[in-house]
$ cat coords-v9.txt   # compact mmCIF, C-alpha atoms
# COMPACT_ATOMS: atom_id res chain seq x y z
CA MET A 913 -9.63 38.58 32.31
CA ASP A 914 -6.34 36.90 31.34
CA GLN A 915 -6.60 33.24 30.38
CA ILE A 916 -4.53 30.72 32.34
CA PHE A 917 -3.53 27.42 30.73
CA ARG A 918 -2.57 24.48 32.95
CA LYS A 919 -0.52 21.36 32.36
CA THR A 920 0.54 18.79 34.98
CA LEU A 921 3.84 16.90 34.89
CA SER A 922 5.88 14.86 37.39
CA THR A 923 9.53 15.04 38.35
CA ARG A 924 11.66 11.95 37.85
CA HIS A 925 14.74 10.35 39.39
CA PHE A 926 16.99 11.61 36.61
CA ASP A 927 15.90 15.19 37.36
CA LEU A 928 17.94 15.24 40.58
CA ASP A 929 21.14 17.27 40.44
CA TRP A 930 24.33 17.17 42.50
CA ASN A 931 22.60 19.21 45.23
CA ARG A 932 20.09 16.35 45.67
CA HIS A 933 17.03 18.23 44.43
CA VAL A 934 15.32 18.77 41.09
CA THR A 935 17.63 20.66 38.76
CA SER A 936 16.69 24.13 37.56
CA ARG A 937 16.66 22.96 33.94
CA THR A 938 13.76 20.61 34.67
CA TYR A 939 11.56 23.59 35.49
CA GLU A 940 12.46 25.25 32.21
CA ARG A 941 11.72 22.03 30.30
CA PHE A 942 8.34 21.79 32.04
CA ALA A 943 7.62 25.42 31.19
CA TYR A 944 8.67 24.92 27.56
CA ASP A 945 6.43 21.85 27.26
CA ALA A 946 3.52 23.91 28.58
CA ARG A 947 4.27 26.72 26.11
CA CYS A 948 4.06 24.27 23.23
CA GLU A 949 0.62 23.15 24.45
CA VAL A 950 -0.54 26.78 24.62
CA LEU A 951 0.70 27.40 21.08
CA ARG A 952 -1.35 24.39 19.98
CA GLU A 953 -4.44 26.08 21.46
CA PHE A 954 -3.75 29.13 19.29
CA GLY A 955 -3.37 27.11 16.10
CA TYR A 956 0.34 26.37 16.09
CA PRO A 957 0.88 22.73 17.11
CA ILE A 958 4.46 21.59 16.87
CA GLU A 959 3.62 19.23 13.98
CA LEU A 960 2.44 22.20 11.89
CA MET A 961 5.45 24.28 12.84
CA LEU A 962 7.90 21.57 11.82
CA ASN A 963 6.07 20.79 8.57
CA THR A 964 5.97 24.46 7.52
CA ASN A 965 9.49 25.45 8.68
CA ILE A 966 8.34 27.65 11.56
CA SER A 967 10.92 27.85 14.34
CA TYR A 968 10.37 28.52 18.02
CA VAL A 969 13.19 30.83 19.13
CA PRO A 970 13.74 31.42 22.88
CA GLY A 971 14.36 34.86 24.32
CA SER A 972 15.46 36.37 27.61
CA THR A 973 14.28 34.99 30.94
CA ASN A 974 13.82 35.97 34.57
CA VAL A 975 13.37 33.00 36.90
CA ARG A 976 12.83 32.52 40.65
CA PHE A 977 13.01 29.22 42.57
CA LEU A 978 10.78 29.22 45.63
CA ASN A 979 10.40 25.68 46.94
CA GLN A 980 12.81 22.82 46.19
CA GLN A 981 11.39 19.53 44.93
CA PHE A 982 12.32 15.85 45.00
CA VAL A 983 11.39 12.92 42.72
CA ASN A 984 7.75 12.03 41.94
CA SER A 985 6.54 15.55 42.67
CA GLU A 986 3.41 16.34 40.68
CA MET A 987 3.76 19.87 39.34
CA THR A 988 1.23 22.01 37.51
CA VAL A 989 2.48 24.64 35.09
CA GLU A 990 0.18 27.67 34.96
CA SER A 991 0.82 29.72 31.83
CA GLU A 992 -0.25 33.11 30.56
CA VAL A 993 0.86 34.46 27.20
CA TYR A 994 0.67 37.95 25.76
CA GLY A 995 1.33 39.30 22.29
CA MET A 996 3.69 42.26 22.08
CA ASP A 997 3.51 44.80 19.28
CA THR A 998 6.63 43.34 17.64
CA GLY A 999 5.07 39.87 17.54
CA THR A 1000 7.25 38.66 20.39
CA LEU A 1001 5.46 36.43 22.89
CA LEU A 1002 5.67 37.25 26.59
CA TRP A 1003 5.14 34.27 28.87
CA LYS A 1004 4.36 34.43 32.58
CA GLN A 1005 4.43 30.99 34.20
CA SER A 1006 4.19 29.53 37.68
CA ILE A 1007 5.06 25.93 38.50
CA VAL A 1008 2.98 24.82 41.47
CA GLY A 1009 3.31 21.71 43.63
CA SER A 1010 0.45 19.44 44.68
CA ASN A 1011 0.44 21.25 48.05
CA GLY A 1012 -0.45 24.49 46.30
CA LYS A 1013 2.94 26.11 46.92
CA LYS A 1014 4.82 27.70 44.04
CA ALA A 1015 8.10 25.98 43.26
CA CYS A 1016 9.16 28.27 40.44
CA GLU A 1017 8.18 31.44 38.57
CA ILE A 1018 9.40 32.07 35.04
CA GLU A 1019 8.89 35.11 32.83
CA THR A 1020 10.36 34.71 29.38
CA THR A 1021 9.96 35.78 25.78
CA SER A 1022 10.01 33.83 22.54
CA THR A 1023 9.26 34.33 18.87
CA LEU A 1024 7.97 32.19 16.03
CA LEU A 1025 10.11 32.69 12.92
CA LYS A 1026 9.53 31.67 9.32
CA ASP A 1027 12.13 32.62 6.70
CA GLY A 1028 13.60 35.09 9.18
CA ASN A 1029 10.30 36.90 9.75
CA ILE A 1030 8.35 37.01 13.01
CA ILE A 1031 4.90 35.45 12.88
CA LYS A 1032 2.25 37.43 14.71
CA ILE A 1033 -0.32 35.12 16.28
CA PRO A 1034 -3.85 36.53 16.09
CA ASN A 1035 -6.24 36.51 19.05
CA LEU A 1036 -3.52 36.64 21.69
CA PRO A 1037 -4.29 38.75 24.76
CA LYS A 1038 -2.72 42.18 24.45
CA LEU A 1039 0.04 43.00 26.87
CA SER A 1040 -1.60 43.87 30.19
CA VAL A 1041 1.45 43.55 32.44
CA ILE A 1042 4.75 45.38 32.63
CA PRO A 1043 7.55 43.09 31.42
CA TYR A 1044 10.37 42.39 33.84
CA GLN A 1045 13.06 45.07 33.78
CA PHE A 1046 16.48 43.43 33.62
CA THR A 1047 19.26 44.68 35.89
CA ILE A 1048 22.29 43.18 34.13
CA HIS A 1049 24.94 45.80 33.42
CA PRO A 1050 28.00 45.42 31.18
CA LYS A 1051 31.20 43.98 32.57
CA PRO A 1052 33.17 46.81 34.19
CA THR A 1053 36.45 47.77 32.55
CA ASN A 1054 39.42 45.92 34.06
CA GLN A 1055 37.14 43.58 36.02
CA ASN A 1056 38.95 40.40 37.06
CA THR A 1057 37.23 37.47 35.36
CA VAL A 1058 37.81 33.77 34.90
CA GLU A 1059 37.73 32.72 31.24
CA HIS A 1060 36.88 29.28 29.93
CA ASP A 1061 36.48 27.94 26.40
CA TYR A 1062 33.39 25.84 25.81
CA TYR A 1063 32.19 23.82 22.84
CA ILE A 1064 28.46 23.91 22.05
CA PRO A 1065 27.50 20.31 21.18
CA PHE A 1066 25.25 19.68 18.21
CA SER A 1067 23.44 17.20 20.45
CA ASP A 1068 22.17 20.11 22.61
CA MET A 1069 20.02 21.53 19.81
CA ASN A 1070 16.32 20.70 19.56
CA CYS A 1071 13.90 19.82 16.76
CA PHE A 1072 14.09 23.42 15.48
CA TRP A 1073 17.87 23.12 15.05
CA ASN A 1074 18.57 25.80 17.63
CA LEU A 1075 19.53 25.82 21.29
CA PRO A 1076 16.52 25.67 23.62
CA SER A 1077 16.62 27.73 26.79
CA ASP A 1078 17.56 24.79 29.00
CA SER A 1079 20.65 24.17 26.86
CA ILE A 1080 21.65 27.81 27.27
CA TRP A 1081 21.10 27.49 31.03
CA LYS A 1082 23.43 24.47 30.86
CA ILE A 1083 26.25 26.60 29.41
CA PHE A 1084 26.02 29.01 32.34
CA GLU A 1085 25.80 26.12 34.80
CA GLU A 1086 28.96 24.63 33.31
CA GLY A 1087 30.63 28.03 33.65
CA ARG A 1088 29.75 28.14 37.36
CA PHE A 1089 31.28 24.70 37.91
CA LEU A 1090 34.42 25.65 36.01
CA PHE A 1091 34.75 28.84 38.09
CA PHE A 1092 34.31 27.01 41.40
CA LYS A 1093 36.64 24.17 40.38
CA GLU A 1094 39.43 26.55 39.35
CA ILE A 1095 39.09 29.25 42.00
CA VAL A 1096 37.35 27.71 45.01
CA ASP A 1097 38.08 23.94 44.76
CA LEU A 1098 35.01 21.69 44.83
CA ASN A 1099 36.46 19.74 47.78
CA LEU A 1100 35.70 22.79 49.92
CA ILE A 1101 32.01 21.84 49.69
CA LYS A 1102 32.51 18.65 51.70
CA GLU A 1103 35.16 20.12 53.98
CA THR A 1104 32.92 22.99 55.12
CA ASP A 1105 29.52 21.27 54.71
CA SER A 1106 28.58 24.20 52.48
CA THR A 1107 27.10 24.45 49.05
CA THR A 1108 25.17 27.10 47.15
CA PHE A 1109 21.63 26.92 45.82
CA PHE A 1110 20.64 28.68 42.59
CA MET A 1111 17.77 30.86 43.82
CA GLY A 1112 16.99 32.60 40.56
CA GLY A 1113 18.42 34.87 37.96
CA GLU A 1114 18.28 36.82 34.75
CA ILE A 1115 19.34 35.47 31.37
CA GLN A 1116 19.53 37.87 28.46
CA ILE A 1117 20.08 36.54 24.95
CA TYR A 1118 21.42 39.08 22.47
CA LYS A 1119 22.35 36.88 19.51
CA PRO A 1120 21.79 33.21 18.60
CA ILE A 1121 24.27 30.75 20.08
CA ASP A 1122 25.05 28.28 17.30
CA PRO A 1123 25.52 24.56 17.94
CA GLY A 1124 28.89 23.24 16.81
CA THR A 1125 30.78 26.43 17.72
CA HIS A 1126 33.26 27.38 20.39
CA VAL A 1127 32.42 30.16 22.83
CA LYS A 1128 34.19 31.84 25.72
CA ILE A 1129 32.54 32.06 29.15
CA LEU A 1130 33.59 35.00 31.33
CA SER A 1131 32.72 34.64 35.02
CA TRP A 1132 32.97 36.95 38.00
CA ILE A 1133 30.97 38.07 41.06
CA GLU A 1134 28.87 41.21 41.00
CA SER A 1135 28.32 41.49 44.76
CA PHE A 1136 28.74 39.44 47.93
CA GLU A 1137 26.64 39.38 51.10
CA LYS A 1138 26.78 37.32 54.30
CA ILE A 1139 24.74 34.37 53.05
CA ARG A 1140 24.52 34.98 49.30
CA PHE A 1141 26.32 36.36 46.29
CA TYR A 1142 25.34 37.44 42.78
CA PHE A 1143 27.27 35.67 40.06
CA ARG A 1144 27.79 37.23 36.60
CA GLN A 1145 28.65 35.55 33.34
CA ASP A 1146 28.98 36.61 29.72
CA ILE A 1147 29.13 34.30 26.70
CA LEU A 1148 31.21 35.57 23.76
CA ASP A 1149 31.69 34.11 20.30
CA SER A 1150 35.10 33.51 18.72
CA LYS A 1151 35.18 37.13 17.49
CA GLY A 1152 34.43 38.60 20.92
CA ASN A 1153 30.78 39.43 20.22
CA LEU A 1154 28.50 39.25 23.27
CA LEU A 1155 25.91 36.49 22.78
CA ALA A 1156 24.28 36.17 26.19
CA SER A 1157 24.59 37.31 29.80
CA MET A 1158 23.48 35.90 33.12
CA LYS A 1159 23.16 37.24 36.64
CA ASP A 1160 22.15 34.67 39.23
CA GLU A 1161 21.61 34.64 42.98
CA GLN A 1162 23.48 31.94 44.90
CA LEU A 1163 22.46 31.21 48.50
CA PHE A 1164 24.88 29.51 50.89
CA VAL A 1165 23.31 26.49 52.57
CA SER A 1166 24.46 23.60 54.70
CA LEU A 1167 24.90 20.54 52.50
CA SER A 1168 23.66 18.23 55.28
CA ASN A 1169 20.40 20.00 56.18
CA SER A 1170 19.79 22.41 53.23
CA ARG A 1171 19.44 25.41 55.55
CA PRO A 1172 20.93 28.86 54.87
CA ARG A 1173 24.27 29.58 56.51
CA ARG A 1174 27.01 32.20 56.42
CA ALA A 1175 29.62 31.92 53.72
CA PRO A 1176 32.73 30.07 54.91
CA ALA A 1177 35.67 32.44 55.37
CA ALA A 1178 37.78 30.17 53.16
CA PHE A 1179 35.34 30.68 50.31
CA PHE A 1180 35.43 34.46 50.56
CA ASP A 1181 39.22 34.51 50.69
CA LYS A 1182 39.41 32.60 47.42
CA ILE A 1183 36.91 34.68 45.41
CA GLU A 1184 37.52 38.17 46.82
CA ARG A 1185 39.61 39.36 43.87
CA PHE A 1186 36.77 38.56 41.44
CA ILE A 1187 34.16 40.75 43.18
CA GLU A 1188 33.20 43.99 41.43

$ encode --input "coords-v9.txt" --output "structure tokens"
Amino acid sequence: MDQIFRKTLSTRHFDLDWNRHVTSRTYERFAYDARCEVLREFGYPIELMLNTNISYVPGSTNVRFLNQQFVNSEMTVESEVYGMDTGTLLWKQSIVGSNGKKACEIETTSTLLKDGNIIKIPNLPKLSVIPYQFTIHPKPTNQNTVEHDYYIPFSDMNCFWNLPSDSIWKIFEEGRFLFFKEIVDLNLIKETDSTTFFMGGEIQIYKPIDPGTHVKILSWIESFEKIRFYFRQDILDSKGNLLASMKDEQLFVSLSNSRPRRAPAAFFDKIERFIE
């Protein structure tokens, strides 16, 4: 039977985002904190890792948000970890509220590296589940995209001197804002009482994203439905190499009551040329 590790944390006032609920990056931070506790159980506390130059390197992620939260919500992170043949760690995590309802599900990978080599942790459960199969496809030729330059701050790196997952999520979040500001106009949110909620998505990391560098964010829309759309982004380095991709589901909701609603016609008119 697979072992489940649990850690309880609470949301705080500074976790609220512009949509008035706990930001998606808080869930990833909670999940990361729980992963570190699990690694401690298997003999790799963070103190040892830092003292022996072992780095925790994040991998690709699939995430679903199921129940929005407010401040002072007590959340329990339930974690399972599996060792893959390559030494990569596969994490399956649920973040559950005090009412027993799941707020978030995260499946992600990570590796422990020392001198460029993957450390294989003994005694990990062998893979007993099928890893999530990503659906991100390459950007179609001649696809209309919005391009933005973005600087990766050194202050976004963590104690391992690399970008943690929540900092990578932040790049994509910034790209969404830049897209909406340039193409849609953020004032449309208040004018139509409409916003979009990030319901979940896929993040694939192909190469490390280095702090202190400039990247290019390409943004477009994969598909559009009555009350939701699927947003696509690629991050490229200065030489045009693909570093990471994201596909996320955005649900239209009323800003005043947080209930799903049809997309405003004005919104569709503005973004139509960027739909695959």

$ atom_distance --input "coords-v9.txt" --atom1 "atom CA of Ile1129 of chain A" --atom2 "atom CA of Ile1083 of chain A"
8.3 Å

$ atom_distance --input "coords-v9.txt" --atom1 "atom CA of Glu1086 of chain A" --atom2 "atom CA of Leu1002 of chain A"
27.3 Å

$ residues_around --input "coords-v9.txt" --residues "Phe1186 of chain A" --least-positions-apart "2" --cutoff "12 Å" --atoms "all atoms listed in the file" --output "ChimeraX atom specification"
/A:1051-1052,1054-1059,1091-1092,1095-1096,1130-1136,1141-1145,1179-1184,1188

$ residues_around --input "coords-v9.txt" --residues "Trp1081 of chain A" --least-positions-apart "5" --cutoff "12 Å" --atoms "only C-alpha atoms" --output "PyMOL selection string"
chain A and resi 935-941+970+972-975+1068+1075-1076+1086-1088+1110+1112-1117+1121+1145+1147+1156-1160

$ residues_around --input "coords-v9.txt" --residues "Val989 of chain A" --least-positions-apart "3" --cutoff "9 Å" --atoms "all atoms listed in the file" --output "short mmCIF file (atom, residue, chain, number, x, y, z; two decimals) with C-alpha atoms, in the frame of the given file"
data_model
loop_
_atom_site.label_atom_id
_atom_site.label_comp_id
_atom_site.auth_asym_id
_atom_site.auth_seq_id
_atom_site.Cartn_x
_atom_site.Cartn_y
_atom_site.Cartn_z
CA PHE A 917 -3.53 27.42 30.73
CA ARG A 918 -2.57 24.48 32.95
CA LYS A 919 -0.52 21.36 32.36
CA THR A 920 0.54 18.79 34.98
CA LEU A 921 3.84 16.90 34.89
CA PHE A 942 8.34 21.79 32.04
CA ALA A 943 7.62 25.42 31.19
CA ALA A 946 3.52 23.91 28.58
CA GLN A 1005 4.43 30.99 34.20
CA SER A 1006 4.19 29.53 37.68
CA ILE A 1007 5.06 25.93 38.50
CA VAL A 1008 2.98 24.82 41.47
#

$ closest_residue --input "coords-v9.txt" --among "A:Leu1090, A:Ile958, A:Cys1071, A:Leu1039" --to "Tyr994 of chain A" --atoms "all atoms listed in the file"
A:Leu1039

$ decode --input "coords-v9.txt" --residues "segment 945-979 of chain A" --atoms "N, CA, C and O atoms" --output "PDB file, in the first residue's frame"
ATOM      1  N   ASP A 945       6.711  22.726   0.158  1.00  0.00           N
ATOM      2  CA  ASP A 945       7.071  22.601   1.574  1.00  0.00           C
ATOM      3  C   ASP A 945       6.834  21.171   2.040  1.00  0.00           C
ATOM      4  O   ASP A 945       7.665  20.590   2.763  1.00  0.00           O
ATOM      5  N   ALA A 946       5.730  20.584   1.611  1.00  0.00           N
ATOM      6  CA  ALA A 946       5.427  19.203   1.989  1.00  0.00           C
ATOM      7  C   ALA A 946       6.424  18.232   1.360  1.00  0.00           C
ATOM      8  O   ALA A 946       6.830  17.251   1.996  1.00  0.00           O
ATOM      9  N   ARG A 947       6.852  18.500   0.139  1.00  0.00           N
ATOM     10  CA  ARG A 947       7.839  17.620  -0.507  1.00  0.00           C
ATOM     11  C   ARG A 947       9.150  17.611   0.280  1.00  0.00           C
ATOM     12  O   ARG A 947       9.792  16.567   0.440  1.00  0.00           O
ATOM     13  N   CYS A 948       9.538  18.791   0.746  1.00  0.00           N
ATOM     14  CA  CYS A 948      10.778  18.870   1.526  1.00  0.00           C
ATOM     15  C   CYS A 948      10.683  18.037   2.806  1.00  0.00           C
ATOM     16  O   CYS A 948      11.659  17.409   3.227  1.00  0.00           O
ATOM     17  N   GLU A 949       9.499  18.034   3.433  1.00  0.00           N
ATOM     18  CA  GLU A 949       9.308  17.219   4.640  1.00  0.00           C
ATOM     19  C   GLU A 949       9.379  15.737   4.311  1.00  0.00           C
ATOM     20  O   GLU A 949       9.920  14.933   5.083  1.00  0.00           O
ATOM     21  N   VAL A 950       8.837  15.341   3.159  1.00  0.00           N
ATOM     22  CA  VAL A 950       8.904  13.934   2.756  1.00  0.00           C
ATOM     23  C   VAL A 950      10.352  13.535   2.488  1.00  0.00           C
ATOM     24  O   VAL A 950      10.801  12.447   2.881  1.00  0.00           O
ATOM     25  N   LEU A 951      11.105  14.402   1.823  1.00  0.00           N
ATOM     26  CA  LEU A 951      12.515  14.105   1.567  1.00  0.00           C
ATOM     27  C   LEU A 951      13.285  13.931   2.877  1.00  0.00           C
ATOM     28  O   LEU A 951      14.195  13.097   2.976  1.00  0.00           O
ATOM     29  N   ARG A 952      12.927  14.705   3.885  1.00  0.00           N
ATOM     30  CA  ARG A 952      13.540  14.540   5.204  1.00  0.00           C
ATOM     31  C   ARG A 952      13.296  13.122   5.727  1.00  0.00           C
ATOM     32  O   ARG A 952      14.199  12.492   6.300  1.00  0.00           O
ATOM     33  N   GLU A 953      12.083  12.633   5.546  1.00  0.00           N
ATOM     34  CA  GLU A 953      11.732  11.275   6.007  1.00  0.00           C
ATOM     35  C   GLU A 953      12.592  10.217   5.330  1.00  0.00           C
ATOM     36  O   GLU A 953      12.861   9.164   5.910  1.00  0.00           O
ATOM     37  N   PHE A 954      13.026  10.489   4.098  1.00  0.00           N
ATOM     38  CA  PHE A 954      13.837   9.516   3.366  1.00  0.00           C
ATOM     39  C   PHE A 954      15.336   9.808   3.466  1.00  0.00           C
ATOM     40  O   PHE A 954      16.127   9.298   2.684  1.00  0.00           O
ATOM     41  N   GLY A 955      15.709  10.658   4.431  1.00  0.00           N
ATOM     42  CA  GLY A 955      17.127  10.873   4.699  1.00  0.00           C
ATOM     43  C   GLY A 955      17.761  12.045   3.990  1.00  0.00           C
ATOM     44  O   GLY A 955      18.997  12.161   3.969  1.00  0.00           O
ATOM     45  N   TYR A 956      16.931  12.931   3.424  1.00  0.00           N
ATOM     46  CA  TYR A 956      17.480  14.085   2.725  1.00  0.00           C
ATOM     47  C   TYR A 956      16.856  15.386   3.247  1.00  0.00           C
ATOM     48  O   TYR A 956      16.142  16.089   2.514  1.00  0.00           O
ATOM     49  N   PRO A 957      17.134  15.739   4.495  1.00  0.00           N
ATOM     50  CA  PRO A 957      16.656  17.035   5.004  1.00  0.00           C
ATOM     51  C   PRO A 957      17.350  18.160   4.257  1.00  0.00           C
ATOM     52  O   PRO A 957      18.456  17.999   3.725  1.00  0.00           O
ATOM     53  N   ILE A 958      16.709  19.302   4.223  1.00  0.00           N
ATOM     54  CA  ILE A 958      17.248  20.402   3.425  1.00  0.00           C
ATOM     55  C   ILE A 958      18.611  20.864   3.949  1.00  0.00           C
ATOM     56  O   ILE A 958      19.472  21.296   3.177  1.00  0.00           O
ATOM     57  N   GLU A 959      18.843  20.737   5.261  1.00  0.00           N
ATOM     58  CA  GLU A 959      20.146  21.126   5.810  1.00  0.00           C
ATOM     59  C   GLU A 959      21.261  20.275   5.192  1.00  0.00           C
ATOM     60  O   GLU A 959      22.321  20.793   4.810  1.00  0.00           O
ATOM     61  N   LEU A 960      21.028  18.962   5.096  1.00  0.00           N
ATOM     62  CA  LEU A 960      22.014  18.065   4.501  1.00  0.00           C
ATOM     63  C   LEU A 960      22.228  18.400   3.030  1.00  0.00           C
ATOM     64  O   LEU A 960      23.367  18.443   2.540  1.00  0.00           O
ATOM     65  N   MET A 961      21.140  18.645   2.324  1.00  0.00           N
ATOM     66  CA  MET A 961      21.243  18.936   0.898  1.00  0.00           C
ATOM     67  C   MET A 961      22.077  20.191   0.650  1.00  0.00           C
ATOM     68  O   MET A 961      22.954  20.216  -0.227  1.00  0.00           O
ATOM     69  N   LEU A 962      21.833  21.233   1.457  1.00  0.00           N
ATOM     70  CA  LEU A 962      22.585  22.473   1.262  1.00  0.00           C
ATOM     71  C   LEU A 962      24.048  22.313   1.653  1.00  0.00           C
ATOM     72  O   LEU A 962      24.937  22.875   1.007  1.00  0.00           O
ATOM     73  N   ASN A 963      24.309  21.547   2.699  1.00  0.00           N
ATOM     74  CA  ASN A 963      25.689  21.365   3.177  1.00  0.00           C
ATOM     75  C   ASN A 963      26.516  20.469   2.269  1.00  0.00           C
ATOM     76  O   ASN A 963      27.748  20.506   2.310  1.00  0.00           O
ATOM     77  N   THR A 964      25.851  19.649   1.456  1.00  0.00           N
ATOM     78  CA  THR A 964      26.578  18.718   0.576  1.00  0.00           C
ATOM     79  C   THR A 964      26.370  19.038  -0.902  1.00  0.00           C
ATOM     80  O   THR A 964      26.644  18.207  -1.775  1.00  0.00           O
ATOM     81  N   ASN A 965      25.875  20.248  -1.184  1.00  0.00           N
ATOM     82  CA  ASN A 965      25.699  20.722  -2.567  1.00  0.00           C
ATOM     83  C   ASN A 965      24.766  19.846  -3.402  1.00  0.00           C
ATOM     84  O   ASN A 965      25.010  19.599  -4.590  1.00  0.00           O
ATOM     85  N   ILE A 966      23.690  19.367  -2.771  1.00  0.00           N
ATOM     86  CA  ILE A 966      22.643  18.654  -3.497  1.00  0.00           C
ATOM     87  C   ILE A 966      21.534  19.662  -3.818  1.00  0.00           C
ATOM     88  O   ILE A 966      21.091  20.403  -2.943  1.00  0.00           O
ATOM     89  N   SER A 967      21.127  19.699  -5.061  1.00  0.00           N
ATOM     90  CA  SER A 967      20.094  20.645  -5.478  1.00  0.00           C
ATOM     91  C   SER A 967      18.779  19.928  -5.749  1.00  0.00           C
ATOM     92  O   SER A 967      18.763  18.825  -6.314  1.00  0.00           O
ATOM     93  N   TYR A 968      17.702  20.584  -5.337  1.00  0.00           N
ATOM     94  CA  TYR A 968      16.361  20.126  -5.708  1.00  0.00           C
ATOM     95  C   TYR A 968      15.985  20.862  -6.991  1.00  0.00           C
ATOM     96  O   TYR A 968      15.960  22.093  -7.029  1.00  0.00           O
ATOM     97  N   VAL A 969      15.709  20.112  -8.051  1.00  0.00           N
ATOM     98  CA  VAL A 969      15.405  20.716  -9.355  1.00  0.00           C
ATOM     99  C   VAL A 969      13.973  20.356  -9.745  1.00  0.00           C
ATOM    100  O   VAL A 969      13.633  19.174  -9.861  1.00  0.00           O
ATOM    101  N   PRO A 970      13.099  21.351  -9.938  1.00  0.00           N
ATOM    102  CA  PRO A 970      11.704  21.063 -10.277  1.00  0.00           C
ATOM    103  C   PRO A 970      11.550  20.589 -11.712  1.00  0.00           C
ATOM    104  O   PRO A 970      12.359  20.921 -12.585  1.00  0.00           O
ATOM    105  N   GLY A 971      10.496  19.806 -11.935  1.00  0.00           N
ATOM    106  CA  GLY A 971      10.193  19.318 -13.272  1.00  0.00           C
ATOM    107  C   GLY A 971       8.818  19.771 -13.721  1.00  0.00           C
ATOM    108  O   GLY A 971       8.278  20.766 -13.248  1.00  0.00           O
ATOM    109  N   SER A 972       8.238  19.016 -14.637  1.00  0.00           N
ATOM    110  CA  SER A 972       6.958  19.390 -15.223  1.00  0.00           C
ATOM    111  C   SER A 972       5.803  19.093 -14.273  1.00  0.00           C
ATOM    112  O   SER A 972       5.902  18.236 -13.398  1.00  0.00           O
ATOM    113  N   THR A 973       4.696  19.812 -14.467  1.00  0.00           N
ATOM    114  CA  THR A 973       3.585  19.767 -13.521  1.00  0.00           C
ATOM    115  C   THR A 973       2.244  19.741 -14.235  1.00  0.00           C
ATOM    116  O   THR A 973       2.053  20.407 -15.262  1.00  0.00           O
ATOM    117  N   ASN A 974       1.308  18.982 -13.682  1.00  0.00           N
ATOM    118  CA  ASN A 974      -0.101  19.093 -14.034  1.00  0.00           C
ATOM    119  C   ASN A 974      -0.847  19.465 -12.761  1.00  0.00           C
ATOM    120  O   ASN A 974      -0.656  18.841 -11.715  1.00  0.00           O
ATOM    121  N   VAL A 975      -1.675  20.512 -12.829  1.00  0.00           N
ATOM    122  CA  VAL A 975      -2.350  20.993 -11.623  1.00  0.00           C
ATOM    123  C   VAL A 975      -3.819  21.258 -11.925  1.00  0.00           C
ATOM    124  O   VAL A 975      -4.179  21.679 -13.029  1.00  0.00           O
ATOM    125  N   ARG A 976      -4.688  20.963 -10.927  1.00  0.00           N
ATOM    126  CA  ARG A 976      -6.113  21.261 -11.019  1.00  0.00           C
ATOM    127  C   ARG A 976      -6.546  21.983  -9.747  1.00  0.00           C
ATOM    128  O   ARG A 976      -6.158  21.581  -8.633  1.00  0.00           O
ATOM    129  N   PHE A 977      -7.333  23.054  -9.914  1.00  0.00           N
ATOM    130  CA  PHE A 977      -7.876  23.794  -8.779  1.00  0.00           C
ATOM    131  C   PHE A 977      -9.370  23.478  -8.676  1.00  0.00           C
ATOM    132  O   PHE A 977     -10.113  23.640  -9.641  1.00  0.00           O
ATOM    133  N   LEU A 978      -9.777  23.017  -7.510  1.00  0.00           N
ATOM    134  CA  LEU A 978     -11.115  22.441  -7.361  1.00  0.00           C
ATOM    135  C   LEU A 978     -12.038  23.233  -6.448  1.00  0.00           C
ATOM    136  O   LEU A 978     -13.258  23.119  -6.551  1.00  0.00           O
ATOM    137  N   ASN A 979     -11.477  24.018  -5.534  1.00  0.00           N
ATOM    138  CA  ASN A 979     -12.319  24.688  -4.543  1.00  0.00           C
ATOM    139  C   ASN A 979     -11.563  25.914  -4.037  1.00  0.00           C
ATOM    140  O   ASN A 979     -10.570  25.778  -3.328  1.00  0.00           O
TER     141      ASN A 979
END
